[in-house]
file query18.pdb (PDB, N, CA and C atoms and all ligand atoms)
ATOM      1  N   MET Y   1      40.526 116.829-226.169
ATOM      2  CA  MET Y   1      40.151 117.457-224.906
ATOM      3  C   MET Y   1      41.425 117.805-224.117
ATOM      4  N   ALA Y   2      41.506 119.034-223.609
ATOM      5  CA  ALA Y   2      42.693 119.489-222.883
ATOM      6  C   ALA Y   2      42.769 118.819-221.511
ATOM      7  N   MET Y   3      43.993 118.478-221.120
ATOM      8  CA  MET Y   3      44.201 117.882-219.789
ATOM      9  C   MET Y   3      44.318 118.993-218.754
ATOM     10  N   SER Y   4      43.783 118.755-217.564
ATOM     11  CA  SER Y   4      43.938 119.715-216.476
ATOM     12  C   SER Y   4      45.341 119.579-215.884
ATOM     13  N   ILE Y   5      45.737 120.560-215.073
ATOM     14  CA  ILE Y   5      47.039 120.501-214.407
ATOM     15  C   ILE Y   5      47.115 119.244-213.533
ATOM     16  N   ASP Y   6      46.044 118.976-212.810
ATOM     17  CA  ASP Y   6      46.039 117.785-211.939
ATOM     18  C   ASP Y   6      46.196 116.509-212.756
ATOM     19  N   ASP Y   7      45.544 116.445-213.916
ATOM     20  CA  ASP Y   7      45.673 115.264-214.781
ATOM     21  C   ASP Y   7      47.115 115.110-215.264
ATOM     22  N   LYS Y   8      47.719 116.242-215.653
ATOM     23  CA  LYS Y   8      49.099 116.196-216.155
ATOM     24  C   LYS Y   8      50.065 115.769-215.055
ATOM     25  N   LEU Y   9      49.874 116.345-213.849
ATOM     26  CA  LEU Y   9      50.752 115.969-212.740
ATOM     27  C   LEU Y   9      50.527 114.515-212.344
ATOM     28  N   GLY Y  10      49.308 114.038-212.552
ATOM     29  CA  GLY Y  10      48.967 112.682-212.137
ATOM     30  C   GLY Y  10      49.661 111.594-212.922
ATOM     31  N   VAL Y  11      50.159 111.899-214.120
ATOM     32  CA  VAL Y  11      50.843 110.859-214.896
ATOM     33  C   VAL Y  11      52.294 110.690-214.447
ATOM     34  N   ASN Y  12      52.832 111.660-213.707
ATOM     35  CA  ASN Y  12      54.191 111.533-213.178
ATOM     36  C   ASN Y  12      54.209 110.532-212.031
ATOM     37  N   ARG Y  13      55.390 110.017-211.741
ATOM     38  CA  ARG Y  13      55.543 109.151-210.574
ATOM     39  C   ARG Y  13      56.532 109.814-209.634
ATOM     40  N   PHE Y  14      56.317 109.631-208.345
ATOM     41  CA  PHE Y  14      57.223 110.199-207.353
ATOM     42  C   PHE Y  14      57.731 109.093-206.452
ATOM     43  N   HIS Y  15      59.038 108.977-206.410
ATOM     44  CA  HIS Y  15      59.661 107.973-205.559
ATOM     45  C   HIS Y  15      60.052 108.667-204.248
ATOM     46  N   ALA Y  16      59.241 108.460-203.230
ATOM     47  CA  ALA Y  16      59.435 109.135-201.952
ATOM     48  C   ALA Y  16      60.616 108.540-201.188
ATOM     49  N   ASP Y  17      61.451 109.424-200.679
ATOM     50  CA  ASP Y  17      62.571 109.008-199.840
ATOM     51  C   ASP Y  17      62.198 109.344-198.392
ATOM     52  N   ASP Y  18      61.795 108.329-197.658
ATOM     53  CA  ASP Y  18      61.347 108.557-196.278
ATOM     54  C   ASP Y  18      62.482 108.987-195.351
ATOM     55  N   ASN Y  19      63.720 108.803-195.817
ATOM     56  CA  ASN Y  19      64.869 109.117-194.957
ATOM     57  C   ASN Y  19      65.532 110.452-195.279
ATOM     58  N   TYR Y  20      65.037 111.144-196.320
ATOM     59  CA  TYR Y  20      65.703 112.385-196.716
ATOM     60  C   TYR Y  20      64.698 113.350-197.339
ATOM     61  N   ALA Y  21      64.421 114.427-196.634
ATOM     62  CA  ALA Y  21      63.585 115.498-197.177
ATOM     63  C   ALA Y  21      64.513 116.476-197.896
ATOM     64  N   HIS Y  22      64.412 116.547-199.227
ATOM     65  CA  HIS Y  22      65.367 117.378-199.973
ATOM     66  C   HIS Y  22      65.109 118.876-199.824
ATOM     67  N   ILE Y  23      63.917 119.238-199.366
ATOM     68  CA  ILE Y  23      63.600 120.643-199.089
ATOM     69  C   ILE Y  23      63.126 120.736-197.641
ATOM     70  N   LEU Y  24      63.707 121.659-196.908
ATOM     71  CA  LEU Y  24      63.299 121.886-195.517
ATOM     72  C   LEU Y  24      62.899 123.343-195.332
ATOM     73  N   LEU Y  25      61.880 123.571-194.532
ATOM     74  CA  LEU Y  25      61.431 124.934-194.239
ATOM     75  C   LEU Y  25      62.280 125.572-193.162
ATOM     76  N   ASN Y  26      62.429 126.884-193.273
ATOM     77  CA  ASN Y  26      63.014 127.690-192.210
ATOM     78  C   ASN Y  26      61.893 127.994-191.222
ATOM     79  N   GLU Y  27      61.824 127.232-190.171
ATOM     80  CA  GLU Y  27      60.716 127.357-189.216
ATOM     81  C   GLU Y  27      60.716 128.706-188.498
ATOM     82  N   ALA Y  28      61.834 129.423-188.513
ATOM     83  CA  ALA Y  28      61.927 130.719-187.839
ATOM     84  C   ALA Y  28      61.424 131.871-188.717
ATOM     85  N   CYS Y  29      61.054 131.584-189.939
ATOM     86  CA  CYS Y  29      60.626 132.644-190.859
ATOM     87  C   CYS Y  29      59.351 133.327-190.359
ATOM     88  N   THR Y  30      59.373 134.661-190.341
ATOM     89  CA  THR Y  30      58.190 135.435-189.958
ATOM     90  C   THR Y  30      57.723 136.334-191.108
ATOM     91  N   ASP Y  31      58.323 136.182-192.252
ATOM     92  CA  ASP Y  31      58.027 137.014-193.421
ATOM     93  C   ASP Y  31      56.766 136.484-194.121
ATOM     94  N   MET Y  32      55.627 137.071-193.794
ATOM     95  CA  MET Y  32      54.360 136.586-194.353
ATOM     96  C   MET Y  32      54.270 136.790-195.864
ATOM     97  N   GLU Y  33      54.852 137.881-196.358
ATOM     98  CA  GLU Y  33      54.809 138.118-197.806
ATOM     99  C   GLU Y  33      55.572 137.024-198.546
ATOM    100  N   ALA Y  34      56.716 136.615-197.993
ATOM    101  CA  ALA Y  34      57.485 135.535-198.612
ATOM    102  C   ALA Y  34      56.715 134.218-198.548
ATOM    103  N   LYS Y  35      56.039 133.993-197.456
ATOM    104  CA  LYS Y  35      55.239 132.762-197.336
ATOM    105  C   LYS Y  35      54.116 132.746-198.365
ATOM    106  N   LYS Y  36      53.427 133.864-198.508
ATOM    107  CA  LYS Y  36      52.349 133.938-199.505
ATOM    108  C   LYS Y  36      52.911 133.768-200.916
ATOM    109  N   LYS Y  37      54.089 134.307-201.124
ATOM    110  CA  LYS Y  37      54.712 134.221-202.433
ATOM    111  C   LYS Y  37      55.027 132.776-202.808
ATOM    112  N   VAL Y  38      55.563 132.010-201.861
ATOM    113  CA  VAL Y  38      55.934 130.627-202.187
ATOM    114  C   VAL Y  38      54.686 129.766-202.389
ATOM    115  N   VAL Y  39      53.616 130.091-201.668
ATOM    116  CA  VAL Y  39      52.356 129.360-201.880
ATOM    117  C   VAL Y  39      51.885 129.566-203.314
ATOM    118  N   MET Y  40      51.982 130.806-203.798
ATOM    119  CA  MET Y  40      51.538 131.118-205.158
ATOM    120  C   MET Y  40      52.497 130.562-206.212
ATOM    121  N   ALA Y  41      53.778 130.507-205.880
ATOM    122  CA  ALA Y  41      54.798 130.180-206.883
ATOM    123  C   ALA Y  41      54.911 128.694-207.196
ATOM    124  N   CYS Y  42      54.674 127.843-206.240
ATOM    125  CA  CYS Y  42      54.916 126.409-206.447
ATOM    126  C   CYS Y  42      53.893 125.830-207.425
ATOM    127  N   PRO Y  43      54.334 125.331-208.574
ATOM    128  CA  PRO Y  43      53.384 124.807-209.557
ATOM    129  C   PRO Y  43      52.712 123.511-209.114
ATOM    130  N   ALA Y  44      53.298 122.837-208.148
ATOM    131  CA  ALA Y  44      52.700 121.593-207.645
ATOM    132  C   ALA Y  44      51.820 121.839-206.418
ATOM    133  N   GLN Y  45      51.721 123.094-206.014
ATOM    134  CA  GLN Y  45      50.880 123.502-204.879
ATOM    135  C   GLN Y  45      51.198 122.694-203.614
ATOM    136  N   LEU Y  46      52.483 122.655-203.273
ATOM    137  CA  LEU Y  46      52.923 121.869-202.123
ATOM    138  C   LEU Y  46      53.003 122.680-200.837
ATOM    139  N   TYR Y  47      52.922 123.992-200.939
ATOM    140  CA  TYR Y  47      52.984 124.862-199.760
ATOM    141  C   TYR Y  47      51.576 125.334-199.409
ATOM    142  N   HIS Y  48      51.232 125.263-198.134
ATOM    143  CA  HIS Y  48      49.907 125.682-197.688
ATOM    144  C   HIS Y  48      50.066 126.550-196.444
ATOM    145  N   LEU Y  49      49.492 127.756-196.511
ATOM    146  CA  LEU Y  49      49.546 128.685-195.384
ATOM    147  C   LEU Y  49      48.440 128.338-194.398
ATOM    148  N   GLN Y  50      48.814 128.146-193.136
ATOM    149  CA  GLN Y  50      47.850 127.783-192.092
ATOM    150  C   GLN Y  50      47.296 129.040-191.424
ATOM    151  N   GLU Y  51      46.199 128.888-190.706
ATOM    152  CA  GLU Y  51      45.567 130.029-190.042
ATOM    153  C   GLU Y  51      46.481 130.694-189.030
ATOM    154  N   ASP Y  52      47.397 129.913-188.432
ATOM    155  CA  ASP Y  52      48.313 130.486-187.441
ATOM    156  C   ASP Y  52      49.547 131.141-188.084
ATOM    157  N   GLY Y  53      49.576 131.195-189.410
ATOM    158  CA  GLY Y  53      50.673 131.853-190.103
ATOM    159  C   GLY Y  53      51.829 130.935-190.437
ATOM    160  N   SER Y  54      51.757 129.695-190.021
ATOM    161  CA  SER Y  54      52.831 128.750-190.348
ATOM    162  C   SER Y  54      52.572 128.142-191.721
ATOM    163  N   LEU Y  55      53.623 127.584-192.287
ATOM    164  CA  LEU Y  55      53.507 126.910-193.576
ATOM    165  C   LEU Y  55      53.481 125.408-193.359
ATOM    166  N   ARG Y  56      52.654 124.727-194.131
ATOM    167  CA  ARG Y  56      52.671 123.276-194.184
ATOM    168  C   ARG Y  56      53.244 122.909-195.548
ATOM    169  N   PHE Y  57      54.159 121.963-195.557
ATOM    170  CA  PHE Y  57      54.838 121.593-196.803
ATOM    171  C   PHE Y  57      55.111 120.102-196.811
ATOM    172  N   ASN Y  58      54.918 119.501-197.975
ATOM    173  CA  ASN Y  58      55.227 118.084-198.150
ATOM    174  C   ASN Y  58      56.078 117.940-199.407
ATOM    175  N   TYR Y  59      57.283 117.446-199.275
ATOM    176  CA  TYR Y  59      58.178 117.362-200.436
ATOM    177  C   TYR Y  59      57.768 116.298-201.437
ATOM    178  N   GLU Y  60      56.884 115.389-201.046
ATOM    179  CA  GLU Y  60      56.411 114.371-201.988
ATOM    180  C   GLU Y  60      55.575 115.059-203.063
ATOM    181  N   GLY Y  61      55.908 114.831-204.300
ATOM    182  CA  GLY Y  61      55.220 115.483-205.398
ATOM    183  C   GLY Y  61      55.989 116.666-205.956
ATOM    184  N   CYS Y  62      57.140 116.972-205.366
ATOM    185  CA  CYS Y  62      57.973 118.084-205.843
ATOM    186  C   CYS Y  62      58.458 117.807-207.260
ATOM    187  N   LEU Y  63      58.340 118.820-208.122
ATOM    188  CA  LEU Y  63      58.753 118.709-209.517
ATOM    189  C   LEU Y  63      60.215 119.067-209.726
ATOM    190  N   GLU Y  64      60.897 119.457-208.673
ATOM    191  CA  GLU Y  64      62.319 119.829-208.708
ATOM    192  C   GLU Y  64      62.581 120.970-209.685
ATOM    193  N   CYS Y  65      61.608 121.874-209.796
ATOM    194  CA  CYS Y  65      61.738 122.982-210.745
ATOM    195  C   CYS Y  65      62.613 124.100-210.202
ATOM    196  N   GLY Y  66      62.724 124.206-208.880
ATOM    197  CA  GLY Y  66      63.557 125.243-208.273
ATOM    198  C   GLY Y  66      62.874 126.585-208.122
ATOM    199  N   THR Y  67      61.612 126.675-208.479
ATOM    200  CA  THR Y  67      60.912 127.961-208.406
ATOM    201  C   THR Y  67      60.888 128.517-206.988
ATOM    202  N   CYS Y  68      60.629 127.673-206.012
ATOM    203  CA  CYS Y  68      60.569 128.154-204.627
ATOM    204  C   CYS Y  68      61.921 128.696-204.184
ATOM    205  N   ARG Y  69      62.965 128.033-204.593
ATOM    206  CA  ARG Y  69      64.318 128.471-204.220
ATOM    207  C   ARG Y  69      64.620 129.852-204.789
ATOM    208  N   VAL Y  70      64.233 130.072-206.046
ATOM    209  CA  VAL Y  70      64.471 131.367-206.686
ATOM    210  C   VAL Y  70      63.551 132.428-206.083
ATOM    211  N   ALA Y  71      62.304 132.065-205.816
ATOM    212  CA  ALA Y  71      61.307 133.044-205.376
ATOM    213  C   ALA Y  71      61.555 133.548-203.965
ATOM    214  N   VAL Y  72      61.931 132.667-203.055
ATOM    215  CA  VAL Y  72      62.018 133.087-201.648
ATOM    216  C   VAL Y  72      63.321 132.716-200.953
ATOM    217  N   GLY Y  73      64.089 131.826-201.544
ATOM    218  CA  GLY Y  73      65.400 131.479-201.007
ATOM    219  C   GLY Y  73      65.383 131.172-199.520
ATOM    220  N   LYS Y  74      66.369 131.693-198.810
ATOM    221  CA  LYS Y  74      66.567 131.358-197.395
ATOM    222  C   LYS Y  74      65.545 132.004-196.459
ATOM    223  N   THR Y  75      64.734 132.931-196.970
ATOM    224  CA  THR Y  75      63.727 133.503-196.075
ATOM    225  C   THR Y  75      62.754 132.424-195.602
ATOM    226  N   VAL Y  76      62.345 131.574-196.527
ATOM    227  CA  VAL Y  76      61.368 130.529-196.204
ATOM    228  C   VAL Y  76      62.015 129.150-196.129
ATOM    229  N   LEU Y  77      63.077 128.952-196.898
ATOM    230  CA  LEU Y  77      63.678 127.623-197.000
ATOM    231  C   LEU Y  77      64.971 127.526-196.205
ATOM    232  N   LYS Y  78      65.064 126.494-195.419
ATOM    233  CA  LYS Y  78      66.307 126.216-194.694
ATOM    234  C   LYS Y  78      67.269 125.465-195.595
ATOM    235  N   GLN Y  79      66.706 124.613-196.462
ATOM    236  CA  GLN Y  79      67.543 123.779-197.344
ATOM    237  C   GLN Y  79      66.785 123.496-198.627
ATOM    238  N   TRP Y  80      67.489 123.557-199.748
ATOM    239  CA  TRP Y  80      66.935 123.102-201.036
ATOM    240  C   TRP Y  80      68.025 122.293-201.734
ATOM    241  N   ASN Y  81      67.780 121.038-201.899
ATOM    242  CA  ASN Y  81      68.678 120.156-202.641
ATOM    243  C   ASN Y  81      67.835 119.285-203.553
ATOM    244  N   HIS Y  82      68.503 118.632-204.497
ATOM    245  CA  HIS Y  82      67.812 117.610-205.287
ATOM    246  C   HIS Y  82      67.682 116.357-204.431
ATOM    247  N   PRO Y  83      66.704 115.508-204.726
ATOM    248  CA  PRO Y  83      66.605 114.226-204.021
ATOM    249  C   PRO Y  83      67.831 113.358-204.319
ATOM    250  N   MET Y  84      68.010 112.346-203.502
ATOM    251  CA  MET Y  84      69.080 111.384-203.742
ATOM    252  C   MET Y  84      68.825 110.649-205.066
ATOM    253  N   GLY Y  85      69.880 110.097-205.647
ATOM    254  CA  GLY Y  85      69.771 109.391-206.923
ATOM    255  C   GLY Y  85      68.691 108.323-206.901
ATOM    256  N   GLY Y  86      67.886 108.305-207.961
ATOM    257  CA  GLY Y  86      66.826 107.311-208.075
ATOM    258  C   GLY Y  86      65.553 107.671-207.336
ATOM    259  N   MET Y  87      65.600 108.758-206.576
ATOM    260  CA  MET Y  87      64.425 109.175-205.818
ATOM    261  C   MET Y  87      63.852 110.446-206.459
ATOM    262  N   GLY Y  88      62.674 110.839-205.996
ATOM    263  CA  GLY Y  88      62.056 112.066-206.485
ATOM    264  C   GLY Y  88      61.158 111.838-207.686
ATOM    265  N   ILE Y  89      61.008 112.889-208.484
ATOM    266  CA  ILE Y  89      60.037 112.884-209.586
ATOM    267  C   ILE Y  89      60.542 112.056-210.765
ATOM    268  N   GLU Y  90      59.626 111.348-211.398
ATOM    269  CA  GLU Y  90      59.882 110.648-212.661
ATOM    270  C   GLU Y  90      58.837 111.150-213.634
ATOM    271  N   PHE Y  91      59.266 112.005-214.573
ATOM    272  CA  PHE Y  91      58.324 112.602-215.523
ATOM    273  C   PHE Y  91      57.906 111.565-216.571
ATOM    274  N   ARG Y  92      56.618 111.505-216.814
ATOM    275  CA  ARG Y  92      56.086 110.499-217.725
ATOM    276  C   ARG Y  92      55.166 111.143-218.753
ATOM    277  N   CYS Y  93      55.737 111.905-219.663
ATOM    278  CA  CYS Y  93      54.979 112.489-220.782
ATOM    279  C   CYS Y  93      53.781 113.300-220.304
ATOM    280  N   GLY Y  94      53.958 114.068-219.218
ATOM    281  CA  GLY Y  94      52.854 114.859-218.682
ATOM    282  C   GLY Y  94      52.600 116.116-219.462
TER
HETATM  283  S1  LIG U 101      61.053 122.859-206.460
HETATM  284 FE1  LIG U 101      59.191 123.496-207.601
HETATM  285  S2  LIG U 101      57.674 121.858-207.302
HETATM  286 FE2  LIG U 101      59.309 121.577-205.752
HETATM  287  S3  LIG U 101      58.525 122.622-203.944
HETATM  288 FE3  LIG U 101      59.811 124.109-205.065
HETATM  289  S4  LIG U 101      58.394 125.212-206.422
HETATM  290 FE4  LIG U 101      57.318 123.376-205.690
END
call {"tool": "encode", "arguments": {"input": "query18.pdb", "output": "structure tokens"}}
result
Amino acid sequence: MAMSIDDKLGVNRFHADDNYAHILLNEACTDMEAKKKVVMACPAQLYHLQEDGSLRFNYEGCLECGTCRVAVGKTVLKQWNHPMGGMGIEFRCG
């Protein structure tokens, strides 16, 4: 039986760093097309477009794939870095 995306992501572990968000949004961004693009691009579905046009984002669960950085860069993102050592995603045969 094939595993769903949620099942596959569920076997990973994420070590949350409460003191360091490795990705930060550019809160001044008004580019709606870029916002829609990053919502579609993130394989972990971490970006959510709100009714007021703002983005909601939670770095917990980030796969560190870099897709958002390539797709929209500084238009939507203020900062993109890897998590600190020992933090972030731990892939477990997903
Ligand atoms: S690095 Fe990948 S998983 Fe993490 S927020 Fe960007 S697109 Fe989503």
call {"tool": "atom_distance", "arguments": {"input": "query18.pdb", "atom1": "atom C of Val38 of chain Y", "atom2": "atom S3 of ligand LIG 101 (chain U)"}}
result
8.3 Å
call {"tool": "select_by_dssp", "arguments": {"input": "query18.pdb", "residues": "chain Y", "states": "helix (DSSP H, G or I)", "output": "ChimeraX atom specification"}}
result
/Y:5-10,32-41,67-76
call {"tool": "closest_atom_pairs", "arguments": {"input": "query18.pdb", "of": "chain Y", "to": "ligand LIG 101 (chain U)", "cutoff": "6 Å", "atoms": "only N, CA and C atoms and all ligand atoms", "output": "Markdown table"}}
result
| residue | atom | partner | partner_atom | distance |
| --- | --- | --- | --- | --- |
| Y:Ala41 | C | U:LIG101 | S4 | 5.0 |
| Y:Cys42 | CA | U:LIG101 | S4 | 3.7 |
| Y:Pro43 | N | U:LIG101 | FE4 | 4.6 |
| Y:Ala44 | N | U:LIG101 | S2 | 4.6 |
| Y:Gln45 | N | U:LIG101 | FE4 | 5.6 |
| Y:Leu46 | N | U:LIG101 | FE4 | 5.5 |
| Y:Gly61 | C | U:LIG101 | S2 | 5.6 |
| Y:Cys62 | CA | U:LIG101 | FE2 | 3.7 |
| Y:Leu63 | N | U:LIG101 | S2 | 3.2 |
| Y:Glu64 | N | U:LIG101 | FE2 | 3.9 |
| Y:Cys65 | N | U:LIG101 | S1 | 3.5 |
| Y:Gly66 | N | U:LIG101 | S1 | 3.2 |
| Y:Thr67 | N | U:LIG101 | S4 | 4.1 |
| Y:Cys68 | N | U:LIG101 | S4 | 3.3 |
| Y:Arg69 | N | U:LIG101 | FE3 | 5.1 |
call {"tool": "resolve_selection", "arguments": {"input": "query18.pdb", "expression": "the PyMOL selection byres (((chain Y and resi 12 and name CA) around 6) and not hetatm and name CA)", "output": "number ranges by chain"}}
result
Y: 9-11, 13, 90-92
call {"tool": "resolve_selection", "arguments": {"input": "query18.pdb", "expression": "the PyMOL selection byres (((chain Y and resi 15 and name CA) around 9) and not hetatm and name CA)", "output": "PyMOL selection string"}}
result
chain Y and resi 13-14+16-17+60-61+86-90
call {"tool": "atom_distance", "arguments": {"input": "query18.pdb", "atom1": "atom N of Ser54 of chain Y", "atom2": "atom C of Tyr20 of chain Y"}}
result
22.1 Å
call {"tool": "axis_aligned_box", "arguments": {"input": "query18.pdb", "around": "segment 66-77 of chain Y", "padding_each_side": "5 Å", "output": "lines of an AutoDock Vina configuration file"}}
result
center_x = 63.6
center_y = 128.9
center_z = -202.2
size_x = 16.0
size_y = 19.3
size_z = 23.3
call {"tool": "build_atoms", "arguments": {"input": "query18.pdb", "residues": "segment 25-49 of chain Y", "atoms": "N, CA, C and O atoms", "output": "compact mmCIF listing (two decimals), keeping the file's coordinate frame"}}
result
# COMPACT_ATOMS: atom_id res chain seq x y z
N LEU Y 25 61.88 123.57 -194.53
CA LEU Y 25 61.43 124.93 -194.24
C LEU Y 25 62.28 125.57 -193.16
O LEU Y 25 62.75 124.90 -192.24
N ASN Y 26 62.43 126.88 -193.27
CA ASN Y 26 63.01 127.69 -192.21
C ASN Y 26 61.89 127.99 -191.22
O ASN Y 26 61.07 128.88 -191.46
N GLU Y 27 61.82 127.23 -190.17
CA GLU Y 27 60.72 127.36 -189.22
C GLU Y 27 60.72 128.71 -188.50
O GLU Y 27 59.71 129.10 -187.92
N ALA Y 28 61.83 129.42 -188.51
CA ALA Y 28 61.93 130.72 -187.84
C ALA Y 28 61.42 131.87 -188.72
O ALA Y 28 61.36 133.01 -188.26
N CYS Y 29 61.05 131.58 -189.94
CA CYS Y 29 60.63 132.64 -190.86
C CYS Y 29 59.35 133.33 -190.36
O CYS Y 29 58.37 132.66 -190.03
N THR Y 30 59.37 134.66 -190.34
CA THR Y 30 58.19 135.44 -189.96
C THR Y 30 57.72 136.33 -191.11
O THR Y 30 56.83 137.16 -190.92
N ASP Y 31 58.32 136.18 -192.25
CA ASP Y 31 58.03 137.01 -193.42
C ASP Y 31 56.77 136.48 -194.12
O ASP Y 31 56.83 135.57 -194.94
N MET Y 32 55.63 137.07 -193.79
CA MET Y 32 54.36 136.59 -194.35
C MET Y 32 54.27 136.79 -195.86
O MET Y 32 53.66 135.99 -196.57
N GLU Y 33 54.85 137.88 -196.36
CA GLU Y 33 54.81 138.12 -197.81
C GLU Y 33 55.57 137.02 -198.55
O GLU Y 33 55.13 136.56 -199.60
N ALA Y 34 56.72 136.62 -197.99
CA ALA Y 34 57.48 135.54 -198.61
C ALA Y 34 56.72 134.22 -198.55
O ALA Y 34 56.73 133.44 -199.50
N LYS Y 35 56.04 133.99 -197.46
CA LYS Y 35 55.24 132.76 -197.34
C LYS Y 35 54.12 132.75 -198.36
O LYS Y 35 53.87 131.73 -199.02
N LYS Y 36 53.43 133.86 -198.51
CA LYS Y 36 52.35 133.94 -199.50
C LYS Y 36 52.91 133.77 -200.92
O LYS Y 36 52.29 133.14 -201.77
N LYS Y 37 54.09 134.31 -201.12
CA LYS Y 37 54.71 134.22 -202.43
C LYS Y 37 55.03 132.78 -202.81
O LYS Y 37 54.76 132.34 -203.93
N VAL Y 38 55.56 132.01 -201.86
CA VAL Y 38 55.93 130.63 -202.19
C VAL Y 38 54.69 129.77 -202.39
O VAL Y 38 54.69 128.84 -203.21
N VAL Y 39 53.62 130.09 -201.67
CA VAL Y 39 52.36 129.36 -201.88
C VAL Y 39 51.88 129.57 -203.31
O VAL Y 39 51.47 128.61 -203.98
N MET Y 40 51.98 130.81 -203.80
CA MET Y 40 51.54 131.12 -205.16
C MET Y 40 52.50 130.56 -206.21
O MET Y 40 52.08 130.20 -207.31
N ALA Y 41 53.78 130.51 -205.88
CA ALA Y 41 54.80 130.18 -206.88
C ALA Y 41 54.91 128.69 -207.20
O ALA Y 41 55.24 128.32 -208.33
N CYS Y 42 54.67 127.84 -206.24
CA CYS Y 42 54.92 126.41 -206.45
C CYS Y 42 53.89 125.83 -207.42
O CYS Y 42 52.70 125.80 -207.13
N PRO Y 43 54.33 125.33 -208.57
CA PRO Y 43 53.38 124.81 -209.56
C PRO Y 43 52.71 123.51 -209.11
O PRO Y 43 51.67 123.15 -209.64
N ALA Y 44 53.30 122.84 -208.15
CA ALA Y 44 52.70 121.59 -207.64
C ALA Y 44 51.82 121.84 -206.42
O ALA Y 44 51.26 120.90 -205.86
N GLN Y 45 51.72 123.09 -206.01
CA GLN Y 45 50.88 123.50 -204.88
C GLN Y 45 51.20 122.69 -203.61
O GLN Y 45 50.31 122.15 -202.96
N LEU Y 46 52.48 122.66 -203.27
CA LEU Y 46 52.92 121.87 -202.12
C LEU Y 46 53.00 122.68 -200.84
O LEU Y 46 53.18 122.11 -199.77
N TYR Y 47 52.92 123.99 -200.94
CA TYR Y 47 52.98 124.86 -199.76
C TYR Y 47 51.58 125.33 -199.41
O TYR Y 47 50.82 125.77 -200.28
N HIS Y 48 51.23 125.26 -198.13
CA HIS Y 48 49.91 125.68 -197.69
C HIS Y 48 50.07 126.55 -196.44
O HIS Y 48 50.70 126.14 -195.47
N LEU Y 49 49.49 127.76 -196.51
CA LEU Y 49 49.55 128.68 -195.38
C LEU Y 49 48.44 128.34 -194.40
O LEU Y 49 47.26 128.24 -194.77
